[in-house]
$ cat my_file_15.txt   # compact mmCIF, C-alpha atoms and all ligand atoms
# COMPACT_ATOMS: atom_id res chain seq x y z
CA MET K 11 53.97 37.37 2.92
CA GLN K 12 53.62 35.27 6.01
CA ASN K 13 49.87 35.31 5.49
CA SER K 14 49.99 33.95 1.96
CA ALA K 15 52.37 31.17 3.04
CA PHE K 16 49.74 30.22 5.61
CA ASP K 17 46.96 30.33 2.98
CA LEU K 18 48.99 28.09 0.73
CA LYS K 19 49.48 25.62 3.53
CA GLU K 20 45.77 25.64 4.29
CA PHE K 21 44.96 25.11 0.63
CA HIS K 22 47.35 22.18 0.52
CA TRP K 23 45.63 20.65 3.56
CA MET K 24 42.26 21.19 1.97
CA VAL K 25 43.30 19.41 -1.22
CA GLU K 26 44.78 16.58 0.82
CA MET K 27 41.54 16.17 2.77
CA VAL K 28 39.31 16.29 -0.30
CA GLN K 29 41.57 13.73 -1.94
CA THR K 30 41.50 11.24 0.94
CA ILE K 31 38.03 11.72 2.46
CA ASP K 32 35.82 8.61 2.43
CA VAL K 33 33.07 10.08 0.25
CA GLY K 34 33.05 10.70 -3.47
CA LEU K 35 33.52 14.29 -4.67
CA VAL K 36 32.93 15.30 -8.26
CA VAL K 37 32.75 18.83 -9.69
CA LEU K 38 30.90 19.33 -12.98
CA ASP K 39 30.59 22.37 -15.18
CA ARG K 40 27.43 23.48 -17.01
CA GLU K 41 28.06 20.89 -19.76
CA HIS K 42 28.55 18.09 -17.22
CA ARG K 43 32.30 17.97 -17.87
CA VAL K 44 34.32 16.68 -14.94
CA GLN K 45 36.40 19.42 -13.28
CA ALA K 46 37.35 17.63 -10.06
CA TRP K 47 37.49 13.95 -9.14
CA ASN K 48 38.76 12.88 -5.74
CA GLY K 49 40.60 9.77 -4.52
CA PHE K 50 37.38 7.96 -3.53
CA MET K 51 36.11 8.28 -7.11
CA GLU K 52 39.48 7.21 -8.53
CA ASN K 53 39.68 4.13 -6.30
CA HIS K 54 36.16 2.92 -6.90
CA SER K 55 35.83 3.71 -10.60
CA GLY K 56 39.36 2.68 -11.56
CA LYS K 57 39.60 5.93 -13.55
CA GLY K 58 42.26 8.45 -12.60
CA GLY K 59 41.75 12.21 -12.53
CA SER K 60 43.64 12.79 -15.79
CA GLN K 61 41.43 10.23 -17.57
CA VAL K 62 38.19 11.95 -16.66
CA GLN K 63 39.25 15.61 -16.63
CA ASN K 64 37.08 17.67 -18.99
CA GLN K 65 35.17 14.59 -20.15
CA VAL K 66 31.36 14.58 -20.07
CA MET K 67 30.47 12.41 -17.09
CA PHE K 68 27.56 10.70 -18.86
CA ASP K 69 29.91 9.56 -21.64
CA LEU K 70 32.24 7.96 -19.11
CA PHE K 71 29.58 6.05 -17.11
CA ASP K 72 26.71 4.75 -19.17
CA GLU K 73 25.01 3.19 -16.10
CA ILE K 74 24.01 6.69 -14.92
CA PRO K 75 20.40 7.50 -15.90
CA LYS K 76 21.23 10.58 -17.93
CA GLU K 77 17.83 12.19 -18.29
CA TRP K 78 16.96 11.84 -14.62
CA LEU K 79 20.28 13.11 -13.27
CA SER K 80 20.69 15.97 -15.74
CA GLN K 81 17.24 17.22 -14.70
CA LYS K 82 18.30 17.15 -11.06
CA ILE K 83 21.55 18.95 -11.84
CA GLU K 84 19.68 21.52 -13.94
CA SER K 85 17.38 22.34 -11.01
CA VAL K 86 20.42 22.91 -8.78
CA PHE K 87 21.88 25.34 -11.36
CA LEU K 88 18.56 27.17 -11.67
CA LEU K 89 17.32 27.24 -8.09
CA LYS K 90 20.76 27.52 -6.46
CA ASN K 91 19.60 24.94 -3.96
CA ARG K 92 20.94 21.57 -2.93
CA ALA K 93 19.31 18.36 -4.15
CA PHE K 94 19.42 14.89 -2.60
CA THR K 95 18.90 11.40 -3.86
CA THR K 96 18.73 8.24 -1.77
CA TRP K 97 19.51 4.59 -2.46
CA GLU K 98 15.81 3.87 -1.96
CA GLN K 99 14.98 5.95 -5.05
CA ARG K 100 17.91 4.52 -7.03
CA PRO K 101 20.28 2.01 -5.44
CA TYR K 102 23.34 3.65 -6.98
CA ILE K 103 24.51 6.48 -9.25
CA PHE K 104 27.86 4.93 -10.19
CA ARG K 105 27.90 1.15 -10.41
CA PHE K 106 30.86 0.61 -8.09
CA LYS K 107 31.67 -2.85 -6.78
CA ASN K 108 31.04 -3.41 -3.09
CA TYR K 109 34.07 -4.43 -1.06
CA ARG K 110 32.63 -4.06 2.44
CA PRO K 111 33.59 -7.02 4.64
CA ILE K 112 30.30 -7.34 6.55
CA THR K 113 27.86 -6.60 3.75
CA GLY K 114 30.05 -8.31 1.13
CA THR K 115 26.95 -10.09 -0.17
CA ALA K 116 25.77 -6.87 -1.87
CA GLU K 117 26.87 -6.88 -5.47
CA PHE K 118 27.39 -3.13 -5.71
CA MET K 119 27.82 -0.09 -3.49
CA TYR K 120 24.52 1.48 -2.41
CA GLN K 121 24.79 5.28 -2.63
CA ASN K 122 23.11 8.43 -1.43
CA MET K 123 24.02 11.63 -3.20
CA THR K 124 23.91 15.35 -2.53
CA ILE K 125 24.26 17.89 -5.35
CA ILE K 126 25.60 21.25 -4.20
CA PRO K 127 25.60 24.47 -6.24
CA LEU K 128 29.08 26.09 -6.45
CA MET K 129 28.98 29.86 -6.83
CA SER K 130 31.49 32.07 -8.56
CA LEU K 131 32.61 35.34 -6.93
CA THR K 132 29.84 37.12 -8.84
CA GLY K 133 27.18 34.91 -7.22
CA GLU K 134 26.44 32.85 -10.32
CA VAL K 135 26.24 29.08 -10.15
CA THR K 136 28.86 27.97 -12.63
CA HIS K 137 29.51 24.47 -11.33
CA VAL K 138 27.90 21.80 -9.18
CA SER K 139 29.48 19.31 -6.85
CA LEU K 140 28.22 15.75 -6.49
CA ILE K 141 28.89 14.16 -3.13
CA ILE K 142 28.57 10.38 -3.15
CA TYR K 143 28.07 8.52 0.13
CA ASP K 144 28.64 4.79 0.48
CA VAL K 145 25.56 3.62 2.43
CA THR K 146 25.88 -0.09 1.64
CA ASP K 147 25.92 -1.21 5.29
CA SER K 148 22.74 0.53 6.34
CA ALA K 149 20.96 -0.25 3.05
CA VAL K 150 21.74 -3.95 3.27
CA ASN K 151 20.68 -4.06 6.93
CA LYS K 152 17.43 -2.35 6.10
CA LEU K 153 16.76 -4.67 3.16
CA GLN K 154 17.52 -7.74 5.28
CA LEU K 155 15.15 -6.51 7.97
CA LYS K 156 12.43 -5.96 5.39
CA ASP K 157 12.99 -9.43 4.00
CA LEU K 158 12.83 -10.93 7.47
CA ASN K 159 9.63 -9.05 8.23
CA ASN K 160 8.05 -10.41 5.06
CA GLN K 161 9.10 -13.93 6.01
CA LEU K 162 7.60 -13.44 9.47
CA LYS K 163 4.41 -12.11 7.95
CA ASP K 164 4.19 -15.22 5.73
CA LEU K 165 4.90 -17.49 8.70
CA SER K 166 2.13 -15.88 10.71
CA ARG K 167 -0.33 -16.52 7.88
CA ILE K 168 0.63 -20.00 6.77
CA ASP K 169 -0.19 -23.34 8.34
CA ALA K 170 3.04 -25.31 8.72
CA LEU K 171 1.68 -28.77 7.88
CA THR K 172 -0.24 -27.87 4.73
CA GLN K 173 1.21 -24.54 3.55
CA LEU K 174 -2.37 -23.29 3.21
CA PHE K 175 -3.52 -20.14 5.02
CA ASN K 176 -4.04 -20.74 8.72
CA ARG K 177 -7.41 -20.17 10.29
CA GLY K 178 -6.68 -16.67 11.61
CA TYR K 179 -5.56 -15.28 8.27
CA TRP K 180 -8.23 -17.16 6.32
CA GLU K 181 -10.94 -15.68 8.56
CA GLU K 182 -9.59 -12.19 7.90
CA GLN K 183 -9.82 -12.83 4.16
CA PHE K 184 -13.29 -14.29 4.61
CA LYS K 185 -14.49 -11.09 6.29
CA HIS K 186 -13.02 -9.00 3.46
CA GLU K 187 -14.71 -11.18 0.88
CA TYR K 188 -18.06 -10.85 2.64
CA LEU K 189 -17.74 -7.05 2.70
CA ARG K 190 -16.72 -7.07 -0.94
CA TYR K 191 -19.89 -9.05 -1.74
CA LYS K 192 -22.02 -6.55 0.20
CA ARG K 193 -20.45 -3.70 -1.74
CA THR K 194 -20.46 -5.17 -5.23
CA GLN K 195 -23.22 -7.84 -5.06
CA ALA K 196 -20.88 -10.13 -7.06
CA ASN K 197 -21.60 -13.63 -5.77
CA ALA K 198 -19.00 -15.78 -4.09
CA CYS K 199 -19.15 -19.31 -2.70
CA LEU K 200 -17.81 -20.81 0.47
CA ILE K 201 -16.92 -24.50 0.59
CA MET K 202 -16.23 -26.18 3.92
CA PHE K 203 -14.97 -29.74 3.73
CA ASP K 204 -13.72 -32.40 6.07
CA ILE K 205 -11.91 -35.75 5.71
CA ASP K 206 -14.31 -38.63 6.37
CA HIS K 207 -13.65 -40.89 9.36
CA PHE K 208 -10.28 -39.32 9.81
CA LYS K 209 -10.07 -40.52 13.39
CA ARG K 210 -9.96 -44.07 12.01
CA VAL K 211 -6.93 -43.19 9.84
CA ASN K 212 -5.10 -41.94 12.93
CA ASP K 213 -6.22 -44.85 15.07
CA THR K 214 -5.38 -47.50 12.48
CA TYR K 215 -2.15 -46.20 10.91
CA GLY K 216 -0.90 -43.65 13.45
CA HIS K 217 -0.68 -39.89 13.63
CA GLN K 218 2.13 -39.63 11.06
CA ALA K 219 -0.01 -41.39 8.47
CA GLY K 220 -2.83 -38.98 9.39
CA ASP K 221 -0.52 -36.03 8.74
CA LYS K 222 0.44 -37.45 5.34
CA VAL K 223 -3.25 -37.74 4.46
CA ILE K 224 -3.87 -34.11 5.46
CA GLN K 225 -0.92 -33.06 3.29
CA ALA K 226 -2.15 -35.08 0.31
CA VAL K 227 -5.59 -33.48 0.59
CA SER K 228 -4.01 -29.99 0.72
CA ALA K 229 -1.82 -30.71 -2.30
CA THR K 230 -4.82 -31.86 -4.37
CA LEU K 231 -6.77 -28.81 -3.22
CA LYS K 232 -3.94 -26.51 -4.33
CA GLN K 233 -3.80 -28.15 -7.75
CA ASN K 234 -7.49 -27.35 -8.24
CA LEU K 235 -7.40 -23.73 -7.07
CA ARG K 236 -7.41 -20.60 -9.16
CA GLU K 237 -5.18 -17.71 -8.19
CA THR K 238 -8.10 -15.72 -6.77
CA ASP K 239 -9.43 -18.59 -4.61
CA ILE K 240 -8.63 -18.39 -0.91
CA ALA K 241 -8.00 -21.71 0.78
CA GLY K 242 -7.23 -22.33 4.43
CA ARG K 243 -6.91 -25.09 6.98
CA TYR K 244 -9.84 -24.36 9.23
CA GLY K 245 -9.21 -26.98 11.88
CA GLY K 246 -7.46 -30.36 12.25
CA GLU K 247 -8.90 -32.11 9.18
CA GLU K 248 -11.30 -29.39 8.16
CA PHE K 249 -10.68 -27.01 5.25
CA ALA K 250 -12.35 -23.87 3.92
CA VAL K 251 -12.23 -22.50 0.38
CA LEU K 252 -13.58 -19.20 -0.88
CA LEU K 253 -14.37 -19.05 -4.57
CA VAL K 254 -14.53 -15.41 -5.58
CA ASN K 255 -16.96 -14.33 -8.35
CA THR K 256 -18.46 -17.78 -8.49
CA ASP K 257 -22.09 -18.95 -8.22
CA ALA K 258 -23.29 -22.18 -6.56
CA GLU K 259 -23.47 -24.11 -9.84
CA LYS K 260 -19.81 -23.50 -10.64
CA ALA K 261 -18.80 -24.09 -7.03
CA LEU K 262 -20.57 -27.46 -7.09
CA PHE K 263 -18.60 -28.37 -10.20
CA PHE K 264 -15.36 -27.39 -8.40
CA ALA K 265 -16.36 -29.32 -5.25
CA GLU K 266 -17.22 -32.48 -7.16
CA ARG K 267 -13.96 -32.39 -9.10
CA LEU K 268 -12.07 -32.03 -5.82
CA ARG K 269 -14.07 -34.81 -4.16
CA LYS K 270 -13.37 -37.22 -7.04
CA GLY K 271 -9.70 -36.22 -7.14
CA ILE K 272 -9.33 -37.02 -3.46
CA GLU K 273 -11.29 -40.26 -3.75
CA ALA K 274 -8.72 -41.41 -6.30
CA LEU K 275 -5.71 -40.63 -4.08
CA HIS K 276 -3.50 -43.26 -2.45
CA VAL K 277 -1.23 -42.41 0.46
CA TYR K 278 1.50 -44.94 1.19
CA HIS K 279 2.72 -45.28 4.75
CA GLU K 280 4.80 -48.14 6.14
CA GLU K 281 3.61 -50.53 3.44
CA HIS K 282 -0.01 -49.51 3.92
CA ASP K 283 -2.00 -48.16 1.01
CA ILE K 284 -4.43 -45.65 2.52
CA CYS K 285 -7.49 -44.38 0.65
CA PHE K 286 -9.97 -41.85 1.98
CA THR K 287 -12.78 -39.49 1.01
CA ILE K 288 -14.08 -36.03 1.91
CA SER K 289 -17.52 -34.48 2.44
CA LEU K 290 -18.24 -30.94 1.32
CA GLY K 291 -20.77 -28.18 2.01
CA VAL K 292 -21.27 -25.33 -0.47
CA ALA K 293 -22.97 -22.01 0.33
CA GLN K 294 -23.48 -19.07 -2.00
CA THR K 295 -23.86 -15.47 -0.88
CA HIS K 296 -27.42 -14.09 -0.98
CA ASP K 297 -29.40 -10.93 -0.13
CA GLU K 298 -30.64 -12.17 3.21
CA MET K 299 -27.22 -12.58 4.72
CA THR K 300 -26.81 -9.97 7.42
CA ASP K 301 -23.31 -10.96 8.46
CA GLU K 302 -20.59 -13.37 7.47
CA SER K 303 -21.33 -15.85 10.26
CA ILE K 304 -24.57 -16.78 8.47
CA TRP K 305 -22.60 -17.65 5.36
CA LEU K 306 -20.27 -19.83 7.43
CA LYS K 307 -23.19 -21.50 9.20
CA GLU K 308 -24.96 -22.32 5.92
CA SER K 309 -21.84 -23.94 4.53
CA ASP K 310 -21.28 -25.86 7.77
CA THR K 311 -24.90 -27.10 7.79
CA ALA K 312 -24.51 -28.27 4.18
CA LEU K 313 -21.35 -30.14 5.18
CA TYR K 314 -23.21 -31.74 8.08
CA LYS K 315 -25.92 -32.85 5.64
CA ALA K 316 -23.28 -34.41 3.39
CA LYS K 317 -21.93 -36.34 6.37
CA GLU K 318 -25.42 -37.39 7.46
CA SER K 319 -26.37 -38.65 4.04
CA GLY K 320 -23.49 -41.10 3.83
CA ARG K 321 -20.24 -39.03 3.38
CA ASN K 322 -18.10 -38.74 0.21
CA LYS K 323 -20.69 -36.25 -1.01
CA THR K 324 -21.21 -32.56 -1.74
CA CYS K 325 -24.34 -30.79 -0.46
CA THR K 326 -25.34 -27.25 -1.37
CA ALA K 327 -27.18 -24.86 0.95
CA ALA K 328 -30.56 -23.87 -0.52
CA LEU K 329 -30.90 -20.22 -1.48
CA PRO K 330 -33.83 -18.39 0.19
CA LYS K 331 -36.94 -18.36 -1.97
CA LYS K 332 -37.62 -15.05 -3.65
CA PRO K 333 -41.11 -13.66 -2.81
CA LYS K 334 -43.50 -14.01 -5.74
N1 LIG C 401 -2.80 -36.73 12.19
C1 LIG C 401 -3.45 -35.65 12.55
N2 LIG C 401 -4.67 -35.75 13.11
C2 LIG C 401 -5.34 -34.67 13.46
C3 LIG C 401 -4.80 -33.39 13.25
N3 LIG C 401 -5.70 -32.48 13.69
C4 LIG C 401 -6.78 -33.17 14.16
N4 LIG C 401 -6.58 -34.49 14.01
C5 LIG C 401 -7.47 -35.61 14.36
O1 LIG C 401 -8.61 -35.59 13.50
C6 LIG C 401 -9.63 -36.38 14.07
C7 LIG C 401 -10.97 -35.77 13.79
O2 LIG C 401 -11.93 -36.68 14.15
P1 LIG C 401 -13.49 -36.42 14.21
O3 LIG C 401 -13.72 -34.95 14.42
O4 LIG C 401 -14.11 -37.37 15.13
O5 LIG C 401 -13.98 -36.66 12.76
P2 LIG C 401 -13.80 -37.89 11.76
O6 LIG C 401 -13.18 -39.08 12.36
O7 LIG C 401 -13.12 -37.35 10.53
O8 LIG C 401 -15.28 -38.26 11.40
P3 LIG C 401 -16.27 -37.51 10.44
O9 LIG C 401 -15.81 -36.08 10.28
O10 LIG C 401 -17.60 -37.59 11.10
O11 LIG C 401 -16.25 -38.22 9.12
C8 LIG C 401 -9.27 -36.51 15.55
O12 LIG C 401 -8.85 -37.83 15.81
C9 LIG C 401 -8.10 -35.57 15.73
O13 LIG C 401 -7.16 -36.02 16.68
C10 LIG C 401 -3.49 -33.30 12.68
O14 LIG C 401 -2.93 -32.20 12.45
N5 LIG C 401 -2.87 -34.43 12.34

$ encode --input "my_file_15.txt" --output "structure tokens" --more "lines below"
Ligand SMILES: Nc1nc2c(ncn2[C@@H]2O[C@H](COP(=O)(O)OP(=O)(O)OP(=O)(O)O)[C@@H](O)[C@H]2O)c(=O)[nH]1
Amino acid sequence: MQNSAFDLKEFHWMVEMVQTIDVGLVVLDREHRVQAWNGFMENHSGKGGSQVQNQVMFDLFDEIPKEWLSQKIESVFLLKNRAFTTWEQRPYIFRFKNYRPITGTAEFMYQNMTIIPLMSLTGEVTHVSLIIYDVTDSAVNKLQLKDLNNQLKDLSRIDALTQLFNRGYWEEQFKHEYLRYKRTQANACLIMFDIDHFKRVNDTYGHQAGDKVIQAVSATLKQNLRETDIAGRYGGEEFAVLLVNTDAEKALFFAERLRKGIEALHVYHEEHDICFTISLGVAQTHDEMTDESIWLKESDTALYKAKESGRNKTCTAALPKKPK
């Protein structure tokens, strides 16, 4: 007698704990009808135990991906093993609002879930229990960290003045492009270009005016690029553009359009109207290139020729003659 009074007390404690614990507890039968629904689930769903009792869970919450979750539940019934899901697979099972003070920016509660098989006295799995964990704080922290890392990655690749790739990242891409050419033999072109007499712009109008000119050149370059083109600021007033899957003829067309576009620009600074030009060197990939530095050198030599022959010009590196 004394023993059963003790059992009853223990049972009462157990119910009390299940009711107040800070994780969601749901018991479902074979047909997914709700058999138990604790305080956590009541508070966050706004649905009381009597409202959900014996109702099919999927009918009550249409945000739950039915096919996916019923498959998971089915495997727990069959294999008599636990199953887990994480917020990284699916951010939530139940779309509960997030009320956390620190991570209040998250719209909903991120959840992990464990599904546990519940055995009858005969050893059969007749029910499963879903345990829902609120992992909003750690999920939001992890997402913020990821976001920050991506921003840092962008910052380490991008030149602050022009928003083009910086030299380090551009050179990495250049090496990849060279290797891609060696593998596929699909031609690409490299254009190096440089603002003519840029020192004069700085000396005459000041460094700020010079910066504005560099930015105007970059903006015009960006307007002319295709998505696959890779453009970088190579040095102070020197730029490099990789045109993927492009032969010298098409690259020359691109270079001349850019040259004319920049020739037509006006940069206004402290009542001065500043005009300027660029010189460009184009080099196409070819069989005799043994490493990427040759490609770079050929483009640089073509740029030098453009400067030598009067500036505001495009010169193209000659391709090696094929043996007859
Ligand atoms: N405003 C500004 N000037 C820069 C920047 N980076 C480099 N420069 C300047 O760019 C100028 C480059 O001059 P040079 O290499 O002599 O070439 P240039 O005057 O353009 O003459 P050519 O290339 O022969 O036509 C130098 O005066 C540098 O100080 C920058 O970020 N902003």

$ closest_atom_pairs --input "my_file_15.txt" --of "chain K" --to "ligand LIG 401 (chain C)" --cutoff "10 Å" --atoms "all atoms listed in the file" --output "CSV"
residue,atom,partner,partner_atom,distance
K:Ala170,CA,C:LIG401,O14,9.9
K:Leu171,CA,C:LIG401,O14,7.3
K:Thr172,CA,C:LIG401,O14,9.3
K:Phe203,CA,C:LIG401,O9,9.2
K:Asp204,CA,C:LIG401,O9,6.0
K:Ile205,CA,C:LIG401,O7,5.2
K:Asp206,CA,C:LIG401,O11,3.4
K:His207,CA,C:LIG401,O6,3.5
K:Phe208,CA,C:LIG401,O7,3.5
K:Lys209,CA,C:LIG401,O6,3.6
K:Arg210,CA,C:LIG401,O6,5.9
K:Val211,CA,C:LIG401,O6,7.9
K:Asn212,CA,C:LIG401,N1,5.7
K:Asp213,CA,C:LIG401,O12,7.5
K:Tyr215,CA,C:LIG401,N1,9.6
K:Gly216,CA,C:LIG401,N1,7.3
K:His217,CA,C:LIG401,N1,4.1
K:Gln218,CA,C:LIG401,N1,5.8
K:Ala219,CA,C:LIG401,N1,6.6
K:Gly220,CA,C:LIG401,N1,3.6
K:Asp221,CA,C:LIG401,N1,4.2
K:Lys222,CA,C:LIG401,N1,7.6
K:Val223,CA,C:LIG401,N1,7.8
K:Ile224,CA,C:LIG401,N5,7.0
K:Gln225,CA,C:LIG401,N5,9.4
K:Arg243,CA,C:LIG401,O14,9.8
K:Gly245,CA,C:LIG401,N3,6.8
K:Gly246,CA,C:LIG401,N3,3.1
K:Glu247,CA,C:LIG401,C4,5.5
K:Glu248,CA,C:LIG401,O9,8.3
K:Thr287,CA,C:LIG401,O11,8.9
K:Ile288,CA,C:LIG401,O11,7.8
K:Ser289,CA,C:LIG401,O11,7.8
K:Leu313,CA,C:LIG401,O9,9.6
K:Tyr314,CA,C:LIG401,O10,8.6
K:Ala316,CA,C:LIG401,O11,9.8
K:Lys317,CA,C:LIG401,O10,6.5
K:Glu318,CA,C:LIG401,O10,8.6
K:Gly320,CA,C:LIG401,O11,9.4
K:Arg321,CA,C:LIG401,O11,7.0
K:Asn322,CA,C:LIG401,O11,9.1

$ write_last_selection --input "my_file_15.txt" --atoms "C-alpha atoms" --output "PDB file, keeping the file's coordinate frame"
ATOM      1  CA  ALA K 170       3.040 -25.310   8.720  1.00  0.00           C
ATOM      2  CA  LEU K 171       1.680 -28.770   7.880  1.00  0.00           C
ATOM      3  CA  THR K 172      -0.240 -27.870   4.730  1.00  0.00           C
ATOM      4  CA  PHE K 203     -14.970 -29.740   3.730  1.00  0.00           C
ATOM      5  CA  ASP K 204     -13.720 -32.400   6.070  1.00  0.00           C
ATOM      6  CA  ILE K 205     -11.910 -35.750   5.710  1.00  0.00           C
ATOM      7  CA  ASP K 206     -14.310 -38.630   6.370  1.00  0.00           C
ATOM      8  CA  HIS K 207     -13.650 -40.890   9.360  1.00  0.00           C
ATOM      9  CA  PHE K 208     -10.280 -39.320   9.810  1.00  0.00           C
ATOM     10  CA  LYS K 209     -10.070 -40.520  13.390  1.00  0.00           C
ATOM     11  CA  ARG K 210      -9.960 -44.070  12.010  1.00  0.00           C
ATOM     12  CA  VAL K 211      -6.930 -43.190   9.840  1.00  0.00           C
ATOM     13  CA  ASN K 212      -5.100 -41.940  12.930  1.00  0.00           C
ATOM     14  CA  ASP K 213      -6.220 -44.850  15.070  1.00  0.00           C
ATOM     15  CA  TYR K 215      -2.150 -46.200  10.910  1.00  0.00           C
ATOM     16  CA  GLY K 216      -0.900 -43.650  13.450  1.00  0.00           C
ATOM     17  CA  HIS K 217      -0.680 -39.890  13.630  1.00  0.00           C
ATOM     18  CA  GLN K 218       2.130 -39.630  11.060  1.00  0.00           C
ATOM     19  CA  ALA K 219      -0.010 -41.390   8.470  1.00  0.00           C
ATOM     20  CA  GLY K 220      -2.830 -38.980   9.390  1.00  0.00           C
ATOM     21  CA  ASP K 221      -0.520 -36.030   8.740  1.00  0.00           C
ATOM     22  CA  LYS K 222       0.440 -37.450   5.340  1.00  0.00           C
ATOM     23  CA  VAL K 223      -3.250 -37.740   4.460  1.00  0.00           C
ATOM     24  CA  ILE K 224      -3.870 -34.110   5.460  1.00  0.00           C
ATOM     25  CA  GLN K 225      -0.920 -33.060   3.290  1.00  0.00           C
ATOM     26  CA  ARG K 243      -6.910 -25.090   6.980  1.00  0.00           C
ATOM     27  CA  GLY K 245      -9.210 -26.980  11.880  1.00  0.00           C
ATOM     28  CA  GLY K 246      -7.460 -30.360  12.250  1.00  0.00           C
ATOM     29  CA  GLU K 247      -8.900 -32.110   9.180  1.00  0.00           C
ATOM     30  CA  GLU K 248     -11.300 -29.390   8.160  1.00  0.00           C
ATOM     31  CA  THR K 287     -12.780 -39.490   1.010  1.00  0.00           C
ATOM     32  CA  ILE K 288     -14.080 -36.030   1.910  1.00  0.00           C
ATOM     33  CA  SER K 289     -17.520 -34.480   2.440  1.00  0.00           C
ATOM     34  CA  LEU K 313     -21.350 -30.140   5.180  1.00  0.00           C
ATOM     35  CA  TYR K 314     -23.210 -31.740   8.080  1.00  0.00           C
ATOM     36  CA  ALA K 316     -23.280 -34.410   3.390  1.00  0.00           C
ATOM     37  CA  LYS K 317     -21.930 -36.340   6.370  1.00  0.00           C
ATOM     38  CA  GLU K 318     -25.420 -37.390   7.460  1.00  0.00           C
ATOM     39  CA  GLY K 320     -23.490 -41.100   3.830  1.00  0.00           C
ATOM     40  CA  ARG K 321     -20.240 -39.030   3.380  1.00  0.00           C
ATOM     41  CA  ASN K 322     -18.100 -38.740   0.210  1.00  0.00           C
TER      42      ASN K 322
END

$ closest_atom_pairs --input "my_file_15.txt" --of "stretch 69-121 of chain K" --to "stretch 136-146 of chain K" --cutoff "8 Å" --atoms "only C-alpha atoms" --output "JSON lines"
{"residue": "K:Ile83", "atom": "CA", "partner": "K:Val138", "partner_atom": "CA", "distance": 7.5}
{"residue": "K:Val86", "atom": "CA", "partner": "K:Val138", "partner_atom": "CA", "distance": 7.6}
{"residue": "K:Phe87", "atom": "CA", "partner": "K:Val138", "partner_atom": "CA", "distance": 7.3}
{"residue": "K:Trp97", "atom": "CA", "partner": "K:Val145", "partner_atom": "CA", "distance": 7.8}
{"residue": "K:Asn108", "atom": "CA", "partner": "K:Thr146", "partner_atom": "CA", "distance": 7.7}
{"residue": "K:Arg110", "atom": "CA", "partner": "K:Thr146", "partner_atom": "CA", "distance": 7.9}
{"residue": "K:Thr113", "atom": "CA", "partner": "K:Thr146", "partner_atom": "CA", "distance": 7.1}
{"residue": "K:Ala116", "atom": "CA", "partner": "K:Thr146", "partner_atom": "CA", "distance": 7.6}
{"residue": "K:Met119", "atom": "CA", "partner": "K:Thr146", "partner_atom": "CA", "distance": 5.5}
{"residue": "K:Tyr120", "atom": "CA", "partner": "K:Thr146", "partner_atom": "CA", "distance": 4.6}
{"residue": "K:Gln121", "atom": "CA", "partner": "K:Asp144", "partner_atom": "CA", "distance": 5.0}

$ residues_near_point --input "my_file_15.txt" --point "(-7.0, -23.8, -3.1)" --cutoff "12 Å" --atoms "all atoms listed in the file" --output "count of residues only"
34

$ residues_near_point --input "my_file_15.txt" --point "(28.8, 31.3, -9.7)" --cutoff "12 Å" --atoms "only C-alpha atoms" --output "list in words"
Asp39, Arg40, Val86, Phe87, Leu88, Lys90, Ile126, Pro127, Leu128, Met129, Ser130, Leu131, Thr132, Gly133, Glu134, Val135, Thr136, His137 and Val138 of chain K

$ closest_residue --input "my_file_15.txt" --among "K:Asn160, K:Lys76, K:Met123, K:Pro101" --to "K:Leu35" --atoms "all atoms listed in the file"
K:Met123

$ closest_residue --input "my_file_15.txt" --among "K:Asp257, K:Glu280, K:Lys192, K:Glu181" --to "K:Leu306" --atoms "only C-alpha atoms"
K:Glu181

$ axis_aligned_box --input "my_file_15.txt" --around "stretch 260-269 of chain K" --padding-each-side "3 Å" --output "AutoDock Vina command-line options"
--center_x -16.3 --center_y -29.2 --center_z -7.4 --size_x 14.5 --size_y 17.3 --size_z 12.5

$ closest_residue --input "my_file_15.txt" --among "K:Ser303, K:Asn48, K:Ala327, K:His276" --to "K:Leu290" --atoms "all atoms listed in the file"
K:Ala327
